[in-house]
Each structure stands twice: as structure tokens, then as C-alpha cells.
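Colleague: File name structure.txt; file contents compact mmCIF, C-alpha atoms; full text below.
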```txt
# COMPACT_ATOMS: atom_id res chain seq x y z
CA MET A 8 1.48 14.00 -12.69
CA ALA A 9 -0.02 15.22 -9.42
CA THR A 10 -2.79 13.09 -7.93
CA ILE A 11 -5.61 13.73 -5.50
CA HIS A 12 -3.35 12.38 -2.73
CA ASP A 13 -0.63 14.93 -3.55
CA VAL A 14 -3.20 17.73 -3.36
CA ALA A 15 -4.48 16.45 -0.02
CA GLU A 16 -0.97 16.35 1.43
CA ARG A 17 -0.14 19.86 0.19
CA ALA A 18 -3.42 21.31 1.54
CA ASP A 19 -3.15 19.31 4.79
CA VAL A 20 -6.59 17.74 4.32
CA SER A 21 -7.90 14.24 3.59
CA PRO A 22 -8.35 12.95 0.02
CA LYS A 23 -12.07 12.83 0.79
CA THR A 24 -12.07 16.60 1.37
CA VAL A 25 -10.32 17.14 -1.98
CA SER A 26 -12.99 15.03 -3.71
CA ARG A 27 -15.69 17.14 -2.06
CA VAL A 28 -14.07 20.28 -3.40
CA LEU A 29 -13.89 18.73 -6.87
CA ASN A 30 -17.59 17.93 -6.67
CA ASP A 31 -18.56 21.34 -5.19
CA HIS A 32 -19.91 19.75 -2.01
CA ASP A 33 -21.39 22.40 0.28
CA SER A 34 -20.00 20.75 3.46
CA VAL A 35 -16.52 22.23 2.82
CA SER A 36 -15.76 25.61 4.37
CA THR A 37 -14.67 28.49 2.16
CA LYS A 38 -11.27 28.62 3.87
CA THR A 39 -10.62 24.92 3.27
CA ARG A 40 -11.95 25.11 -0.28
CA ASP A 41 -9.57 27.99 -1.07
CA ARG A 42 -6.63 26.09 0.46
CA VAL A 43 -7.39 23.00 -1.63
CA ARG A 44 -7.78 25.01 -4.83
CA ALA A 45 -4.51 26.80 -4.11
CA ALA A 46 -2.79 23.42 -3.70
CA MET A 47 -4.27 22.26 -7.01
CA LYS A 48 -2.92 25.36 -8.74
CA GLU A 49 0.53 25.03 -7.16
CA LEU A 50 0.79 21.38 -8.20
CA GLY A 51 -0.79 21.86 -11.60
CA TYR A 52 -3.40 19.28 -10.71
CA GLN A 53 -6.10 18.53 -13.27
CA PRO A 54 -8.58 15.62 -13.17
CA SER A 55 -7.78 13.25 -16.01
CA ALA A 56 -9.31 13.71 -19.45
CA VAL A 57 -11.07 10.38 -18.99
CA ALA A 58 -12.55 11.56 -15.70
CA ARG A 59 -13.78 14.81 -17.24
CA SER A 60 -15.41 13.07 -20.17
CA LEU A 61 -17.03 10.51 -17.90
CA ARG A 62 -18.39 13.18 -15.57
CA SER A 63 -19.81 15.16 -18.47
CA GLN A 64 -21.51 12.10 -19.94
CA THR A 65 -22.32 8.85 -18.15
CA SER A 66 -19.81 7.60 -15.59
CA SER A 67 -19.02 3.91 -15.80
CA SER A 68 -19.46 1.54 -12.89
CA VAL A 69 -16.60 -0.58 -11.60
CA GLY A 70 -17.74 -3.77 -9.93
CA VAL A 71 -16.17 -5.33 -6.84
CA LEU A 72 -17.07 -8.58 -5.09
CA MET A 73 -16.33 -8.95 -1.40
CA GLY A 74 -16.50 -12.06 0.74
CA ASP A 75 -16.09 -10.33 4.12
CA PRO A 76 -16.53 -6.54 3.84
CA SER A 77 -16.06 -6.15 7.61
CA GLY A 78 -12.40 -7.24 7.57
CA GLY A 79 -9.60 -4.71 7.88
CA TYR A 80 -8.17 -5.49 4.42
CA HIS A 81 -11.51 -5.05 2.70
CA THR A 82 -12.21 -1.84 4.61
CA LYS A 83 -8.94 -0.33 3.41
CA ILE A 84 -9.16 -1.52 -0.19
CA HIS A 85 -12.82 -0.46 -0.42
CA HIS A 86 -11.92 3.07 0.68
CA ALA A 87 -8.94 3.17 -1.67
CA LEU A 88 -11.13 2.09 -4.59
CA LEU A 89 -13.67 4.79 -3.76
CA LEU A 90 -10.93 7.42 -3.85
CA ALA A 91 -9.60 6.00 -7.13
CA CYS A 92 -13.11 6.24 -8.57
CA VAL A 93 -13.18 9.95 -7.70
CA GLU A 94 -9.81 10.34 -9.40
CA THR A 95 -10.90 8.57 -12.59
CA GLY A 96 -14.54 9.64 -12.77
CA ARG A 97 -16.07 6.26 -12.07
CA HIS A 98 -18.50 4.83 -9.52
CA LEU A 99 -18.01 1.73 -7.38
CA THR A 100 -20.66 -0.99 -7.30
CA VAL A 101 -20.19 -3.68 -4.65
CA ASP A 102 -21.80 -7.05 -4.02
CA LEU A 103 -21.19 -9.95 -1.65
CA PHE A 104 -19.67 -13.12 -3.03
CA ASP A 105 -19.78 -16.23 -0.84
CA GLY A 106 -17.89 -18.51 -3.19
CA PRO A 107 -19.20 -21.28 -5.43
CA VAL A 108 -22.55 -21.79 -3.71
CA ALA A 109 -25.64 -22.89 -5.63
CA GLY A 110 -26.75 -20.30 -8.16
CA TRP A 111 -23.66 -18.09 -7.92
CA GLN A 112 -23.36 -17.74 -11.71
CA ASP A 113 -26.91 -16.38 -12.01
CA ARG A 114 -26.26 -13.90 -9.19
CA ILE A 115 -23.09 -12.62 -10.84
CA ARG A 116 -24.79 -12.35 -14.23
CA ALA A 117 -27.56 -10.26 -12.64
CA PHE A 118 -25.00 -8.11 -10.81
CA VAL A 119 -23.16 -7.38 -14.06
CA THR A 120 -26.26 -6.87 -16.20
CA ASP A 121 -28.40 -4.87 -13.76
CA GLY A 122 -25.46 -2.69 -12.76
CA GLY A 123 -24.30 -2.06 -16.32
CA ILE A 124 -20.84 -3.19 -15.25
CA ARG A 125 -18.16 -3.52 -17.92
CA GLU A 126 -15.17 -3.38 -15.58
CA MET A 127 -14.36 -5.39 -12.44
CA VAL A 128 -11.61 -5.42 -9.85
CA LEU A 129 -11.25 -8.96 -8.52
CA LEU A 130 -9.84 -9.16 -4.99
CA PRO A 131 -8.34 -12.25 -3.33
CA PRO A 132 -9.38 -15.04 -3.28
CA GLU A 133 -11.86 -14.34 -6.13
CA CYS A 134 -8.95 -13.23 -8.35
CA ASP A 135 -7.80 -16.88 -8.37
CA PHE A 136 -11.23 -18.46 -8.94
CA GLY A 137 -11.05 -19.81 -12.50
CA PRO A 138 -14.81 -20.28 -13.10
CA LEU A 139 -15.49 -16.68 -12.09
CA LYS A 140 -12.82 -15.35 -14.44
CA ALA A 141 -14.21 -17.54 -17.22
CA LEU A 142 -17.65 -16.06 -16.59
CA MET A 143 -16.19 -12.56 -16.80
CA ARG A 144 -14.72 -13.39 -20.21
CA GLU A 145 -18.07 -14.81 -21.33
CA LEU A 146 -19.81 -11.60 -20.25
CA GLU A 147 -17.03 -9.51 -21.89
CA VAL A 148 -16.22 -7.78 -18.61
CA ARG A 149 -12.70 -6.37 -18.37
CA CYS A 150 -11.01 -7.34 -15.11
CA VAL A 151 -7.95 -6.26 -13.18
CA LEU A 152 -6.75 -8.80 -10.62
CA MET A 153 -5.58 -7.60 -7.20
CA SER A 154 -2.78 -9.77 -5.75
CA PRO A 155 -3.43 -13.01 -7.67
CA THR A 156 -1.43 -16.20 -7.13
CA SER A 157 -0.03 -16.08 -10.66
CA PRO A 158 -0.40 -14.01 -13.85
CA ASP A 159 -3.51 -14.58 -15.96
CA PRO A 160 -3.34 -14.70 -19.77
CA TYR A 161 -6.43 -12.49 -20.12
CA PHE A 162 -6.38 -10.01 -17.25
CA PRO A 163 -3.65 -7.66 -15.96
CA ALA A 164 -2.73 -7.72 -12.28
CA ILE A 165 -1.71 -5.36 -9.48
CA ALA A 166 0.22 -6.75 -6.51
CA MET A 167 2.90 -6.16 -3.91
CA ASP A 168 5.79 -8.40 -2.90
CA ASP A 169 4.34 -10.18 0.13
CA ARG A 170 7.38 -12.41 0.49
CA ALA A 171 9.79 -9.49 0.61
CA ALA A 172 7.53 -7.70 3.09
CA ALA A 173 7.39 -10.75 5.38
CA ARG A 174 11.17 -11.07 5.23
CA GLU A 175 11.45 -7.42 6.27
CA VAL A 176 9.20 -8.09 9.27
CA VAL A 177 11.37 -10.99 10.44
CA GLU A 178 14.58 -9.03 9.85
CA HIS A 179 13.14 -6.27 12.04
CA LEU A 180 12.52 -8.83 14.79
CA PHE A 181 15.98 -10.36 14.33
CA ALA A 182 17.48 -6.89 14.82
CA LEU A 183 15.68 -6.70 18.16
CA GLY A 184 17.22 -9.99 19.27
CA HIS A 185 14.25 -12.27 18.55
CA THR A 186 14.97 -15.69 17.07
CA ARG A 187 12.11 -17.73 18.55
CA ILE A 188 9.32 -16.19 16.48
CA GLY A 189 5.83 -17.62 16.06
CA HIS A 190 3.84 -17.23 12.87
CA ILE A 191 0.06 -17.16 12.38
CA SER A 192 -0.75 -17.85 8.74
CA GLY A 193 -3.78 -16.54 6.85
CA HIS A 194 -6.61 -18.21 4.99
CA PRO A 195 -5.36 -21.22 2.98
CA ASP A 196 -7.28 -20.06 -0.12
CA HIS A 197 -5.37 -16.75 -0.27
CA ALA A 198 -2.07 -16.67 -2.15
CA ALA A 199 -0.88 -13.96 0.25
CA SER A 200 -0.93 -16.50 3.10
CA THR A 201 1.57 -18.71 1.30
CA HIS A 202 3.76 -15.79 0.19
CA ARG A 203 3.95 -14.35 3.71
CA ARG A 204 4.75 -17.72 5.25
CA ASN A 205 7.44 -18.33 2.63
CA GLY A 206 8.94 -14.92 3.30
CA PHE A 207 8.99 -15.75 7.02
CA LEU A 208 10.97 -18.93 6.29
CA GLU A 209 13.27 -17.24 3.79
CA ALA A 210 14.40 -14.75 6.43
CA TYR A 211 15.60 -17.64 8.62
CA ALA A 212 17.35 -19.30 5.67
CA ALA A 213 19.09 -16.04 4.74
CA ARG A 214 20.53 -15.84 8.26
CA GLY A 215 21.62 -19.48 8.18
CA LEU A 216 19.26 -20.23 11.07
CA PRO A 217 17.37 -23.52 11.37
CA ARG A 218 13.74 -23.61 10.30
CA PRO A 219 11.46 -22.80 13.29
CA ALA A 220 9.92 -25.81 15.03
CA PRO A 221 6.42 -26.89 13.87
CA GLU A 222 4.98 -25.77 17.22
CA LEU A 223 5.79 -22.17 16.26
CA PHE A 224 3.30 -22.22 13.38
CA ALA A 225 -0.44 -21.74 13.84
CA ASP A 226 -3.19 -21.56 11.26
CA GLY A 227 -5.62 -18.67 11.00
CA GLU A 228 -8.11 -17.43 8.41
CA PHE A 229 -7.47 -13.67 8.52
CA THR A 230 -10.22 -13.18 11.15
CA PHE A 231 -10.01 -11.91 14.72
CA LYS A 232 -11.61 -15.11 16.05
CA THR A 233 -9.11 -17.43 14.38
CA GLY A 234 -6.34 -15.11 15.52
CA VAL A 235 -7.36 -15.62 19.15
CA GLU A 236 -7.31 -19.41 18.77
CA ALA A 237 -3.94 -19.34 17.00
CA ALA A 238 -2.45 -17.07 19.68
CA LYS A 239 -3.67 -19.44 22.40
CA ALA A 240 -1.94 -22.32 20.66
CA LEU A 241 1.36 -20.43 20.39
CA LEU A 242 1.27 -19.09 23.96
CA ASP A 243 0.35 -22.49 25.44
CA ILE A 244 3.53 -24.29 24.32
CA ASN A 245 6.22 -25.04 26.90
CA GLU A 246 8.58 -22.41 25.54
CA PRO A 247 6.42 -19.67 24.01
CA PRO A 248 7.87 -17.41 21.31
CA THR A 249 9.29 -14.02 22.23
CA ALA A 250 7.58 -12.52 19.15
CA ILE A 251 4.61 -13.40 16.95
CA PHE A 252 4.17 -12.34 13.34
CA ALA A 253 0.53 -12.61 12.24
CA ALA A 254 -0.33 -12.56 8.53
CA ASN A 255 -2.79 -9.69 8.98
CA ASP A 256 -3.65 -6.99 11.50
CA ASP A 257 -6.93 -8.50 12.70
CA MET A 258 -5.11 -11.64 13.84
CA ALA A 259 -2.26 -9.58 15.28
CA ALA A 260 -4.75 -7.52 17.30
CA ALA A 261 -6.31 -10.76 18.54
CA THR A 262 -2.83 -11.91 19.58
CA CYS A 263 -2.32 -8.72 21.57
CA MET A 264 -5.64 -9.23 23.33
CA GLU A 265 -4.87 -12.84 24.24
CA ALA A 266 -1.36 -11.99 25.44
CA GLN A 267 -2.64 -9.16 27.64
CA ARG A 268 -5.43 -11.39 28.96
CA ARG A 269 -2.68 -13.68 30.25
CA GLY A 270 -0.88 -10.81 31.93
CA LEU A 271 1.88 -10.50 29.34
CA ARG A 272 3.24 -7.05 28.61
CA ILE A 273 3.67 -5.88 25.03
CA PRO A 274 6.44 -5.48 23.94
CA ASP A 275 8.35 -6.25 27.17
CA ASP A 276 7.29 -9.90 27.35
CA ILE A 277 6.29 -10.48 23.75
CA SER A 278 6.45 -8.49 20.51
CA VAL A 279 3.63 -8.63 17.95
CA VAL A 280 3.66 -7.66 14.27
CA GLY A 281 0.74 -7.55 11.84
CA PHE A 282 0.33 -6.95 8.12
CA ASP A 283 -1.76 -4.50 6.00
CA ASP A 284 -1.82 -1.40 8.27
CA ALA A 285 -5.58 -1.75 8.69
CA PRO A 286 -7.36 0.86 10.85
CA ILE A 287 -7.12 -1.33 13.96
CA ALA A 288 -3.30 -1.23 13.85
CA GLY A 289 -3.14 2.44 14.75
CA VAL A 290 -5.86 2.58 17.39
CA ILE A 291 -5.24 -0.40 19.68
CA TRP A 292 -2.83 -0.12 22.59
CA PRO A 293 0.03 -0.50 22.18
CA THR A 294 -0.08 0.63 18.57
CA MET A 295 0.97 -2.10 16.19
CA THR A 296 4.06 -2.55 14.08
CA THR A 297 2.89 -3.71 10.66
CA ILE A 298 3.45 -3.72 6.92
CA ARG A 299 1.63 -0.92 5.14
CA GLN A 300 0.13 -2.03 1.87
CA PRO A 301 -0.04 0.85 -0.64
CA PHE A 302 -3.79 0.42 -1.10
CA GLU A 303 -4.34 3.85 -2.66
CA GLN A 304 -1.57 3.34 -5.21
CA MET A 305 -2.81 -0.15 -6.08
CA ALA A 306 -6.44 0.93 -6.45
CA LEU A 307 -5.58 3.94 -8.60
CA ARG A 308 -3.30 1.85 -10.80
CA ALA A 309 -6.09 -0.72 -11.24
CA LEU A 310 -8.58 1.90 -12.43
CA GLN A 311 -6.02 3.64 -14.61
CA THR A 312 -5.45 0.30 -16.29
CA PHE A 313 -9.05 0.35 -17.47
CA SER A 314 -8.50 3.79 -18.97
CA VAL A 315 -5.76 2.54 -21.28
CA TRP A 316 -7.11 -0.94 -21.86
CA ASN A 317 -6.54 -2.47 -25.26
CA ALA A 318 -8.40 -5.77 -25.50
CA ASN A 319 -6.34 -7.00 -28.45
CA ASP A 320 -3.08 -6.45 -26.60
CA ALA A 321 -4.38 -7.78 -23.28
CA ALA A 322 -5.78 -11.08 -24.60
CA GLY A 323 -3.34 -13.96 -24.70
CA LYS A 324 -0.57 -12.22 -22.77
CA ALA A 325 0.44 -13.24 -19.24
CA ALA A 326 2.06 -9.94 -18.30
CA ALA A 327 3.92 -9.69 -15.00
CA PRO A 328 1.89 -7.89 -12.31
CA PHE A 329 2.56 -4.26 -11.51
CA LEU A 330 4.33 -4.35 -8.13
CA ALA A 331 3.47 -1.59 -5.66
CA GLN A 332 5.92 -0.66 -2.92
CA HIS A 333 5.18 -1.63 0.70
CA SER A 334 6.70 -0.11 3.85
CA LEU A 335 7.40 -1.36 7.36
CA ILE A 336 5.65 0.82 9.95
CA VAL A 337 7.36 0.45 13.33
CA ARG A 338 5.13 1.28 16.28
CA GLU A 339 4.95 0.32 19.95
CA SER A 340 4.19 -3.41 19.75
CA THR A 341 7.78 -4.47 19.04
CA GLY A 342 10.78 -4.20 21.31
CA PRO A 343 13.96 -6.04 22.38
CA ALA A 344 13.64 -9.76 23.02
CA ARG A 345 13.16 -10.65 26.67
CA ALA A 346 15.82 -12.58 28.58
CA GLY A 347 14.35 -15.63 30.30
CA PRO A 348 10.72 -16.58 30.79
CA PRO A 349 8.05 -13.87 30.54
CA LYS A 350 6.99 -12.03 33.65
CA ARG A 351 3.32 -12.44 34.43
CA LYS A 352 1.00 -10.47 36.64
CA THR A 353 0.44 -11.99 40.06
```
Turn this file's structure into C-alpha cells for me.
Modeller:
Amino acid sequence: MATIHDVAERADVSPKTVSRVLNDHDSVSTKTRDRVRAAMKELGYQPSAVARSLRSQTSSSVGVLMGDPSGGYHTKIHHALLLACVETGRHLTVDLFDGPVAGWQDRIRAFVTDGGIREMVLLPPECDFGPLKALMRELEVRCVLMSPTSPDPYFPAIAMDDRAAAREVVEHLFALGHTRIGHISGHPDHAASTHRRNGFLEAYAARGLPRPAPELFADGEFTFKTGVEAAKALLDINEPPTAIFAANDDMAAATCMEAQRRGLRIPDDISVVGFDDAPIAGVIWPTMTTIRQPFEQMALRALQTFSVWNANDAAGKAAAPFLAQHSLIVRESTGPARAGPPKRKT
């Protein structure tokens, strides 16, 4: 079945413009509106029956909790969830969640009750927080988990293969002649950090290469600030890496900044790869090679899961997560490995 994204591609507009046409927004020009409607007709696009019934009655609210809404990952997934809400006739309700601080249960209860929320998408690391999931069951809120560490017996999950994606990154760098590759890991509470680090190591094992030295690993927390500190640690060692793979784009961008501050040229002196394809990856210079997470597909699948939910079937079954397909986006930040020490500006 055609989706809002297919219509947008056919009409050469953004998904947001298609949603405005669907909602008769007066900011869309007649020419654009006609082009979008023609694309809908050509593709046989129809909003889902669930979406139509929800729009004609009372649309349900889908709740989301975010620990750091300013991060690149959360920016992308937030936008993808908004688009998925348009597709399925729902509305997104968002609140901050700072972890298990005093009174967090009361705050979540108020969020659910005051917002009339019966459905929640739990993002990492909240998707792995057992007390929160227990509270959701107590409140009879249906949840879909986004990229959890392991399947849950009560809630279905949507994920991508972070380990395979990380292996693909390292294979890309191997193909460019890099073998001394540094890795900046993500927040220790996120399962994705472990999966991406394991994928990094698996790529070396698959080539029969020795495990990288401990000095080639640096810890980050998925933030720009921790990325700067991790990059400093990697670039300060006696024999710096010829490439650095950061576990997200914010830390990769921080690595680029620190490398350029030292007079290193990217990718001539050092290659840098990120993960997520957050907005920053395509706007910094040089543009960043990264893994593109299929946020739109994952968000739409999560909300479609609510549409076909059967509580009796869902309870007590630890179903395998739905795996969305990633892609390696090669841009300007990666190139052939340098020969000899890096050249620095004088």
C-alpha cells in the first residue's frame, strides 16, 4: 500500500506538505495541492480506515517520553513520529523523563491520566527501564518499544540491526585501507552502544585481524560535549587512528571539530564516520558518512502496531522485534587511509 512518503516522493514535495494537503491547510499553493492530489490518485493512496475513523471522531494521543529532546536522534525520531501520527490519525503528546528521580511515578501517572494516553512509544533507554514498563502495565497503557535491549513478554518492539550496521561501517573503512580505527562508544545505559561496539569488534574478527588496542576506545554519552573529550583522548595518543567511528552523529561532528581545531584535514589526515544520519550529518563540512536509521519506517510501524493490537495475543509472548533496514550513506568525511603521520598546519 502507498504511504504518505510515497506520495511525497512522487509529487516531489516533503511529507509535511502532503499532510498539509490532507488537512486542507491554506498555506499550500493551488499548484502544489493539485500535484499532490494527482500523485495520490496515481498511487491509489488512501488514508487508512483507522485514520479516517479517528479523524471523524476523537483522535487518540500517543505518548512519548524524552530524556534529551535536543539530541540528533530524538529530533529525527520525534519528526518521524509526528509524520506517522498524520498517517494513522493520531496526535503525539511528549513529556520529559529524567530517569528514576524522586516522584517520577506520580509524574508519569499524571502524564498518562491528564493526557488521556492509552498508547506509548518507549524510546531508549526508557524502553529497558523495568519499573516504567511495570507502571505502564498497571495503568493498562499499550506500549511499543523502540530498539530495546531484548524482547519483552508484554510489549512488541521495533528495532534495527545495530551490530550489522556497525560492521558495515568498519568494512567501509577497511576497503579504504584503514586498519587503525578508533571507536567512541555511546551512553552505557543504551543497548545500542553495546551493539555498535560489538559490531565494530566483529568486523575485525571477521577479517582475522587482532582486536584494536584499548587506547583506540573512548567512552562517550551520545552528546557533542562527550564527543569532544573522547576525540581528544583518541587524537592525543602516540599513534593516533587514521579513522574514527563514533556511535552517533553528534559525537562524530564533535570529532570533526576537534580534528580540524588541531589542523587535521578530513578525510586526508583522518576519516570520521557517525551513526543515525541526524540533521547535523548533512550540513557540517565536510558532510559526514553515517548510517541512516529508517526512522520514518520504524515510527510508522510502531503506530500501525497499535492499530492491530490484540491484548490477548500480545500478553505473555516475547515476540522477536520487527527489524527495519538501515543503509550506509557515504559522504565526504571518509577517504583513503593516509600513509605515515598526519600532516598538520604550520
Colleague: Which residue gives the smallest distance to Val148 of chain A among A:Phe313, A:Phe282, A:Met305, A:Pro107, with only C-alpha atoms counted?
Modeller: A:Phe313
Colleague: Given 3 Å on each side, where is the centre and what are the edge lengths in Å to one decimal of the axis-aligned box enclosing the listed atoms of segment 141-157 of chain A, as JSON?
Modeller:
```
{"center_x": -9.9, "center_y": -11.9, "center_z": -13.8, "size_x": 25.8, "size_y": 17.3, "size_z": 22.1}
```
Colleague: Calculate how many Å separate atom CA of Thr120 of chain A from atom CA of Arg144 of chain A, rounding to one decimal.
Modeller: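 Computed distance, atom CA of Thr120 of chain A to atom CA of Arg144 of chain A, equals 13.8 Å.
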Colleague: Near Leu99 of chain A, within 9 Å and counting only C-alpha atoms, which residues show up once chain neighbours fewer than 6 positions away are dropped, as an mmCIF file with C-alpha atoms, in the coordinates of the input?
Modeller:
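After the write, out-v7.cif holds the following:
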```
data_model
loop_
_atom_site.group_PDB
_atom_site.id
_atom_site.type_symbol
_atom_site.label_atom_id
_atom_site.label_comp_id
_atom_site.auth_asym_id
_atom_site.auth_seq_id
_atom_site.Cartn_x
_atom_site.Cartn_y
_atom_site.Cartn_z
ATOM 1 C CA SER A 67 -19.020 3.910 -15.800
ATOM 2 C CA SER A 68 -19.460 1.540 -12.890
ATOM 3 C CA VAL A 69 -16.600 -0.580 -11.600
ATOM 4 C CA GLY A 70 -17.740 -3.770 -9.930
ATOM 5 C CA VAL A 71 -16.170 -5.330 -6.840
ATOM 6 C CA HIS A 85 -12.820 -0.460 -0.420
ATOM 7 C CA LEU A 88 -11.130 2.090 -4.590
ATOM 8 C CA LEU A 89 -13.670 4.790 -3.760
ATOM 9 C CA CYS A 92 -13.110 6.240 -8.570
#
```
Colleague: Quick one: of A:Val93, A:Ala266, A:Val177, A:Ala109, who's nearest to Glu236 of chain A, counting all atoms listed in the file?
Modeller: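 Smallest distance to Glu236 of chain A is found for A:Ala266.
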Colleague: Using Å and a single decimal, report how far atom CA of Phe302 of chain A sits from atom CA of Glu145 of chain A.
Modeller: 29.1 Å
Colleague: A:Ser340, A:Thr201, A:Ser314, A:Gln300: which is nearest Met264 of chain A, counting only C-alpha atoms?
Modeller: A:Ser340
Colleague: Show me, as a PyMOL selection string, the residues that have an atom within 12 Å of Gly137 of chain A when counting only C-alpha atoms, minus same-chain residues fewer than 3 positions from it.
Modeller: chain A and resi 106-107+129+132-134+140-144+152+155-157+159-162
Colleague: With only C-alpha atoms as the atoms that count, which of A:Thr296, A:Gln311, A:Thr249, A:Gln112 lies nearest to Arg187 of chain A?
Modeller: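 Smallest distance to Arg187 of chain A is found for A:Thr249.
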Colleague: Ranking A:Ala9, A:Ile244, A:Met73, A:Ile287 by minimum distance to Ala260 of chain A and counting only C-alpha atoms, which one comes first?
Modeller: A:Ile287
Colleague: Any idea what the distance is between atom CA of Met295 of chain A and atom CA of Thr233 of chain A?
Modeller: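 That distance, rounded to one decimal, is 18.4 Å.
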Colleague: Can you tell me, as a VMD selection string, which residues sit within 10 Å of (-5.8, -7.5, 20.8) in the file's frame, using only C-alpha atoms?
Modeller: chain A and resid 231 234 to 235 256 to 268 279 287 to 288 291 to 293 295
Colleague: For Glu228 of chain A, please output as a list of chain:residue names all residues within 10 Å (counting only C-alpha atoms; exclusion window: fewer than 4 positions along the same chain).
Modeller: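 Using only C-alpha atoms, the neighbours found are A:Ile191, A:Ser192, A:Gly193, A:His194, A:Pro195, A:Asp196, A:His197, A:Ser200, A:Lys232, A:Thr233, A:Gly234, A:Ala237, A:Ala254, A:Asn255, A:Asp257, A:Met258.
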Colleague: Of the residues A:Asp243, A:Asp135, A:Asp105, A:Glu339, which is the one nearest to Thr294 of chain A, using only C-alpha atoms?
Modeller: A:Glu339
Colleague: Scan for residues within 12 Å of the point (9.0, -1.1, -10.0) in the coordinates of the file, using all atoms listed in the file, and reply as a PyMOL selection string.
Modeller: chain A and resi 165-168+327-333
